[in-house]
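Have a look at the structure below before the remarks.
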Amino acid sequence: GINILIREWSNNKINNFIIIINYKIFIKQNLISEKKLNILNDLNVEKNYLSNKINILNIKTKNRHTNCFDSLKYAYKLSKEKKVIGVLTLPINKVEINKFIDKSFIDQTTFFSKLEKINNSNMIFIYKNKYFVPLTIHIEIKKVASHFRNKNFIFNKILSLVNTMKNDFDIKNPKIAIAGINPHAGEDGLISNEDKKLILPILKLLRKKNIYINGPYAGDSIINKNNLKKYDAFVFTFHDQALIPFKLISKFEGVNFTSNLNIIRLSPSHGTARDIINKNIATSNGLLNCFKLIK
């Protein structure tokens, strides 16, 4: 992520950002000449920002693992204080944070949601004005159906999504399609009745709120040319059910947006890709699309 960021700044594609990182850790990576850097602290971010240099907010931290975790907390603090427009997080290694820093850390969506003590935020993946939303994220597949037994939880998640599309993306009457939990959405009871029993009652409640939502559709066929024309958002029951078609369609150019926060938080929808660092073959479009969206 940071390699791409430096590359596109050098190509004059992006500016107006601050990298939150420990300066000693950053400079060890030898990404760019120190002459092109401007060092800030959190008291002088607005006053001493220089538009012709890469601005580094130098934070205190113990090591490279805590550096990543501490930078997230600093970014949230600056955004809450309205010193920055929002938080653009670069891909991180979640396993390392969980192992070395915080055993409860699963993902950044959950991290920022916990900071604001909310449970109806959504992980929204965006590409060319289409929205892909997994209603459950980083949980075991065997636990997915149990979340849908909590009717109010899923109802509020979808209601929150509708409000986000209206308020943040100016889609006045969003059209939504939802996938089923089981293969072929249960095949009309041949495979399972869970989709009828768990999803249909939630859809009835949403329609009473005049929300346009259809389904449950088979997860393997919900994404097709006709549906991409018809619907604005595609809601899925679990993480990979959403991410497989999204990543195929977006080709690593999508944006991951965390909804219903009191700050703006987004990130490129790809991972760390450590195997191709410094090979100059990684696409920058996911990062560039984040900058376009956050403005």
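Chain labels follow the order of the structure tokens: the first chain is A, the next B, and so on; residue numbering restarts at 1 in every chain, and ligands are counted from 1 in their shown order.
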
Lys295 of chain A surroundings by only C-alpha atoms, 12 Å radius, close-in-sequence under 5 positions cut, as a PyMOL selection string: chain A and resi 14-17+84-88+168+264-266+288-290

Limited to C-alpha atoms, could you put the picked residues into a file as a PDB file, in the first residue's frame?
```pdb
ATOM      1  CA  ILE A  14      -2.362  12.354  -5.657  1.00  0.00           C
ATOM      2  CA  ASN A  15      -1.540  14.824  -2.904  1.00  0.00           C
ATOM      3  CA  ASN A  16      -3.272  16.447   0.055  1.00  0.00           C
ATOM      4  CA  PHE A  17      -2.658  13.555   2.419  1.00  0.00           C
ATOM      5  CA  VAL A  84      -8.494  15.866   8.319  1.00  0.00           C
ATOM      6  CA  ILE A  85     -11.322  15.050   5.891  1.00  0.00           C
ATOM      7  CA  GLY A  86     -11.247  11.356   6.676  1.00  0.00           C
ATOM      8  CA  VAL A  87      -9.225   8.191   7.103  1.00  0.00           C
ATOM      9  CA  LEU A  88      -7.842   6.241   4.151  1.00  0.00           C
ATOM     10  CA  ASP A 168     -23.702   9.498   1.559  1.00  0.00           C
ATOM     11  CA  ILE A 264     -15.165   8.916   6.753  1.00  0.00           C
ATOM     12  CA  ARG A 265     -13.161   5.709   6.552  1.00  0.00           C
ATOM     13  CA  LEU A 266     -12.277   3.822   3.411  1.00  0.00           C
ATOM     14  CA  LEU A 288      -6.786   6.418  -6.698  1.00  0.00           C
ATOM     15  CA  ASN A 289     -10.492   5.575  -6.542  1.00  0.00           C
ATOM     16  CA  CYS A 290     -10.353   6.038  -2.752  1.00  0.00           C
TER      17      CYS A 290
END
```

DSSP alpha helix (DSSP H) selection over segment 12-175 of chain A, as a PyMOL selection string: chain A and resi 23-28+64-80+94-100+108-115+144-148+151-167

For Ile25 of chain A: contacts at 9 Å, only C-alpha atoms, fewer than 6 positions along chain excluded, given as JSON, numbers by chain: {"A": [63, 64, 67]}

Surrounding residues of Gln108 of chain A excluding itself and chain neighbours under 5 positions, 10 Å, only C-alpha atoms, as a ChimeraX atom specification: /A:69,72,89,91-92,94,113-114,123,258,265-267

Residue nearest Ala177 of chain A - candidates A:Lys103, A:Lys279, A:Lys130, A:Lys62, atoms counted: only C-alpha atoms: A:Lys130

Skipping near chain neighbours, those fewer than 2 positions away, what residues fall within 10 Å of segment 110-112 of chain A using only C-alpha atoms, listed as a PDB file with C-alpha atoms, in the first residue's frame?
```
ATOM      1  CA  LEU A  72      -5.197   3.646  13.114  1.00  0.00           C
ATOM      2  CA  LYS A  73      -5.963   5.205  16.490  1.00  0.00           C
ATOM      3  CA  TYR A  76      -9.350   8.215  14.022  1.00  0.00           C
ATOM      4  CA  SER A 104      -9.635  -9.237  19.650  1.00  0.00           C
ATOM      5  CA  PHE A 105      -8.614  -7.507  16.410  1.00  0.00           C
ATOM      6  CA  ILE A 106     -10.324  -9.059  13.384  1.00  0.00           C
ATOM      7  CA  ASP A 107     -10.602  -6.299  10.794  1.00  0.00           C
ATOM      8  CA  GLN A 108     -10.594  -2.530  10.413  1.00  0.00           C
ATOM      9  CA  LYS A 114     -16.089  -0.546  18.155  1.00  0.00           C
ATOM     10  CA  LEU A 115     -14.466   2.853  18.658  1.00  0.00           C
ATOM     11  CA  GLU A 116     -17.863   4.422  17.996  1.00  0.00           C
ATOM     12  CA  LYS A 117     -19.780   1.715  19.873  1.00  0.00           C
ATOM     13  CA  ILE A 118     -22.088   0.842  16.990  1.00  0.00           C
ATOM     14  CA  ASN A 119     -23.101  -2.554  15.641  1.00  0.00           C
ATOM     15  CA  SER A 121     -22.135  -0.365  10.309  1.00  0.00           C
ATOM     16  CA  ASN A 122     -21.584  -2.106   6.993  1.00  0.00           C
ATOM     17  CA  MET A 123     -18.553  -3.143   5.000  1.00  0.00           C
ATOM     18  CA  ILE A 137     -17.910 -10.373   7.631  1.00  0.00           C
ATOM     19  CA  HIS A 138     -14.993 -12.208   9.232  1.00  0.00           C
ATOM     20  CA  THR A 258     -17.191   1.641   6.355  1.00  0.00           C
ATOM     21  CA  LEU A 261     -19.460   6.151  11.323  1.00  0.00           C
ATOM     22  CA  ASN A 262     -19.075   9.732  12.498  1.00  0.00           C
ATOM     23  CA  ILE A 263     -15.935   9.863  10.361  1.00  0.00           C
ATOM     24  CA  ARG A 265     -13.161   5.709   6.552  1.00  0.00           C
TER      25      ARG A 265
END
```

Selected residue, from A:Tyr127, A:Tyr231, A:Phe26, A:Tyr49, that lies nearest to Lys251 of chain A when counting only C-alpha atoms: A:Tyr127

Please identify which residues in segment 199-232 of chain A DSSP calls strand (DSSP E or B) from the backbone, and express them as a PDB file with C-alpha atoms, in the first residue's frame.
```pdb
ATOM      1  CA  TYR A 212     -37.028  -1.811  -2.649  1.00  0.00           C
ATOM      2  CA  ILE A 213     -35.415  -5.190  -1.961  1.00  0.00           C
ATOM      3  CA  ASN A 214     -35.815  -8.489  -3.803  1.00  0.00           C
ATOM      4  CA  GLY A 215     -34.641 -12.020  -3.070  1.00  0.00           C
ATOM      5  CA  PRO A 216     -33.315 -14.200  -1.721  1.00  0.00           C
ATOM      6  CA  TYR A 217     -31.552 -15.081  -4.977  1.00  0.00           C
TER       7      TYR A 217
END
```

Point-to-point distance in Å for atom CA of Asn285 of chain A and atom CA of Asn22 of chain A: 26.3 Å

Skipping near chain neighbours, those fewer than 2 positions away, what residues fall within 12 Å of Ser284 of chain A using only C-alpha atoms, listed as a short mmCIF file (atom, residue, chain, number, x, y, z; two decimals) with N, CA, C and O atoms, in the first residue's frame?
```cif
data_model
loop_
_atom_site.label_atom_id
_atom_site.label_comp_id
_atom_site.auth_asym_id
_atom_site.auth_seq_id
_atom_site.Cartn_x
_atom_site.Cartn_y
_atom_site.Cartn_z
N GLY A 1 0.80 -1.22 0.00
CA GLY A 1 0.00 0.00 0.00
C GLY A 1 0.83 1.27 0.00
O GLY A 1 0.62 2.18 -0.80
N ILE A 2 1.82 1.32 0.89
CA ILE A 2 2.60 2.55 0.99
C ILE A 2 3.52 2.73 -0.21
O ILE A 2 3.82 3.84 -0.64
N ASN A 3 3.95 1.62 -0.82
CA ASN A 3 4.73 1.72 -2.06
C ASN A 3 3.91 2.37 -3.17
O ASN A 3 4.40 3.23 -3.91
N ILE A 4 2.67 1.95 -3.30
CA ILE A 4 1.78 2.53 -4.30
C ILE A 4 1.52 3.99 -4.01
O ILE A 4 1.50 4.84 -4.92
N LEU A 5 1.31 4.31 -2.74
CA LEU A 5 1.04 5.70 -2.35
C LEU A 5 2.19 6.61 -2.75
O LEU A 5 1.98 7.68 -3.37
N ILE A 6 3.42 6.22 -2.44
CA ILE A 6 4.59 7.02 -2.78
C ILE A 6 4.75 7.11 -4.30
O ILE A 6 5.05 8.19 -4.85
N ARG A 7 4.51 6.01 -4.97
CA ARG A 7 4.65 6.00 -6.44
C ARG A 7 3.69 6.99 -7.10
O ARG A 7 4.09 7.76 -7.99
N GLU A 8 2.44 7.00 -6.67
CA GLU A 8 1.46 7.87 -7.31
C GLU A 8 1.63 9.33 -6.91
O GLU A 8 1.28 10.22 -7.67
N TRP A 9 2.16 9.58 -5.71
CA TRP A 9 2.52 10.96 -5.36
C TRP A 9 3.66 11.43 -6.26
O TRP A 9 3.62 12.56 -6.77
N ASN A 11 4.23 10.50 -9.19
CA ASN A 11 3.68 10.67 -10.53
C ASN A 11 2.68 11.82 -10.62
O ASN A 11 2.02 12.00 -11.64
N LYS A 13 -0.16 12.12 -9.23
CA LYS A 13 -1.55 11.66 -9.33
C LYS A 13 -2.35 12.01 -8.07
O LYS A 13 -3.58 12.16 -8.14
N ILE A 14 -1.68 12.08 -6.91
CA ILE A 14 -2.36 12.35 -5.66
C ILE A 14 -1.52 13.28 -4.78
O ILE A 14 -0.29 13.33 -4.90
N LEU A 90 -4.45 2.00 4.45
CA LEU A 90 -3.80 1.12 3.49
C LEU A 90 -3.93 -0.33 3.97
O LEU A 90 -4.20 -0.57 5.15
N LYS A 251 -11.50 -5.94 -10.47
CA LYS A 251 -10.10 -6.14 -10.87
C LYS A 251 -9.13 -5.33 -9.98
O LYS A 251 -8.25 -4.63 -10.47
N PHE A 252 -9.33 -5.44 -8.66
CA PHE A 252 -8.49 -4.78 -7.65
C PHE A 252 -8.56 -3.26 -7.73
O PHE A 252 -7.65 -2.57 -7.29
N GLU A 253 -9.65 -2.72 -8.29
CA GLU A 253 -9.80 -1.27 -8.41
C GLU A 253 -10.92 -0.74 -7.52
O GLU A 253 -11.29 0.42 -7.61
N GLY A 254 -11.48 -1.60 -6.67
CA GLY A 254 -12.62 -1.21 -5.85
C GLY A 254 -12.21 -0.50 -4.56
O GLY A 254 -11.04 -0.41 -4.20
N VAL A 255 -13.23 0.01 -3.88
CA VAL A 255 -13.07 0.74 -2.62
C VAL A 255 -13.88 0.06 -1.53
O VAL A 255 -15.02 -0.36 -1.76
N PRO A 268 -8.48 0.82 -0.14
CA PRO A 268 -8.53 -0.02 -1.34
C PRO A 268 -9.03 -1.41 -0.96
O PRO A 268 -8.82 -1.86 0.16
N SER A 269 -9.68 -2.09 -1.89
CA SER A 269 -10.30 -3.37 -1.55
C SER A 269 -9.35 -4.56 -1.72
O SER A 269 -9.77 -5.70 -1.62
N HIS A 270 -8.07 -4.28 -1.96
CA HIS A 270 -7.11 -5.38 -2.09
C HIS A 270 -6.28 -5.53 -0.81
O HIS A 270 -6.36 -4.69 0.09
N ASN A 280 6.72 -3.18 -9.06
CA ASN A 280 6.09 -2.18 -9.93
C ASN A 280 5.04 -2.80 -10.86
O ASN A 280 4.87 -2.39 -12.02
N ILE A 281 4.31 -3.80 -10.36
CA ILE A 281 3.27 -4.42 -11.17
C ILE A 281 1.88 -4.30 -10.53
O ILE A 281 0.88 -4.63 -11.17
N ALA A 282 1.83 -3.80 -9.31
CA ALA A 282 0.54 -3.66 -8.62
C ALA A 282 -0.24 -2.48 -9.18
O ALA A 282 0.33 -1.42 -9.45
N GLY A 286 -7.21 1.14 -7.22
CA GLY A 286 -8.00 1.07 -6.00
C GLY A 286 -7.71 2.26 -5.08
O GLY A 286 -8.61 2.88 -4.53
N LEU A 287 -6.43 2.57 -4.93
CA LEU A 287 -6.02 3.71 -4.11
C LEU A 287 -6.52 5.02 -4.71
O LEU A 287 -7.06 5.88 -4.02
N LEU A 288 -6.35 5.19 -6.02
CA LEU A 288 -6.79 6.42 -6.70
C LEU A 288 -8.30 6.58 -6.59
O LEU A 288 -8.79 7.71 -6.41
N ASN A 289 -9.04 5.49 -6.68
CA ASN A 289 -10.49 5.57 -6.54
C ASN A 289 -10.91 5.98 -5.12
O ASN A 289 -11.93 6.61 -4.93
N CYS A 290 -10.10 5.59 -4.13
CA CYS A 290 -10.35 6.04 -2.75
C CYS A 290 -10.23 7.56 -2.66
O CYS A 290 -11.08 8.22 -2.04
N PHE A 291 -9.19 8.10 -3.25
CA PHE A 291 -9.01 9.56 -3.23
C PHE A 291 -10.17 10.28 -3.93
O PHE A 291 -10.62 11.33 -3.48
#
```

Residues near Ala233 of chain A, cut-off 8 Å, only C-alpha atoms, skip fewer than 6 positions along chain, as a PyMOL selection string: chain A and resi 130-133+174-177

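A straight line drawn from atom CA of Lys230 of chain A to atom CA of Gly189 of chain A is 26.8 Å long.
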
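Atom pair atom CA of Asp188 of chain A / atom CA of Gln241 of chain A has a distance of 19.5 Å (rounded to one decimal).
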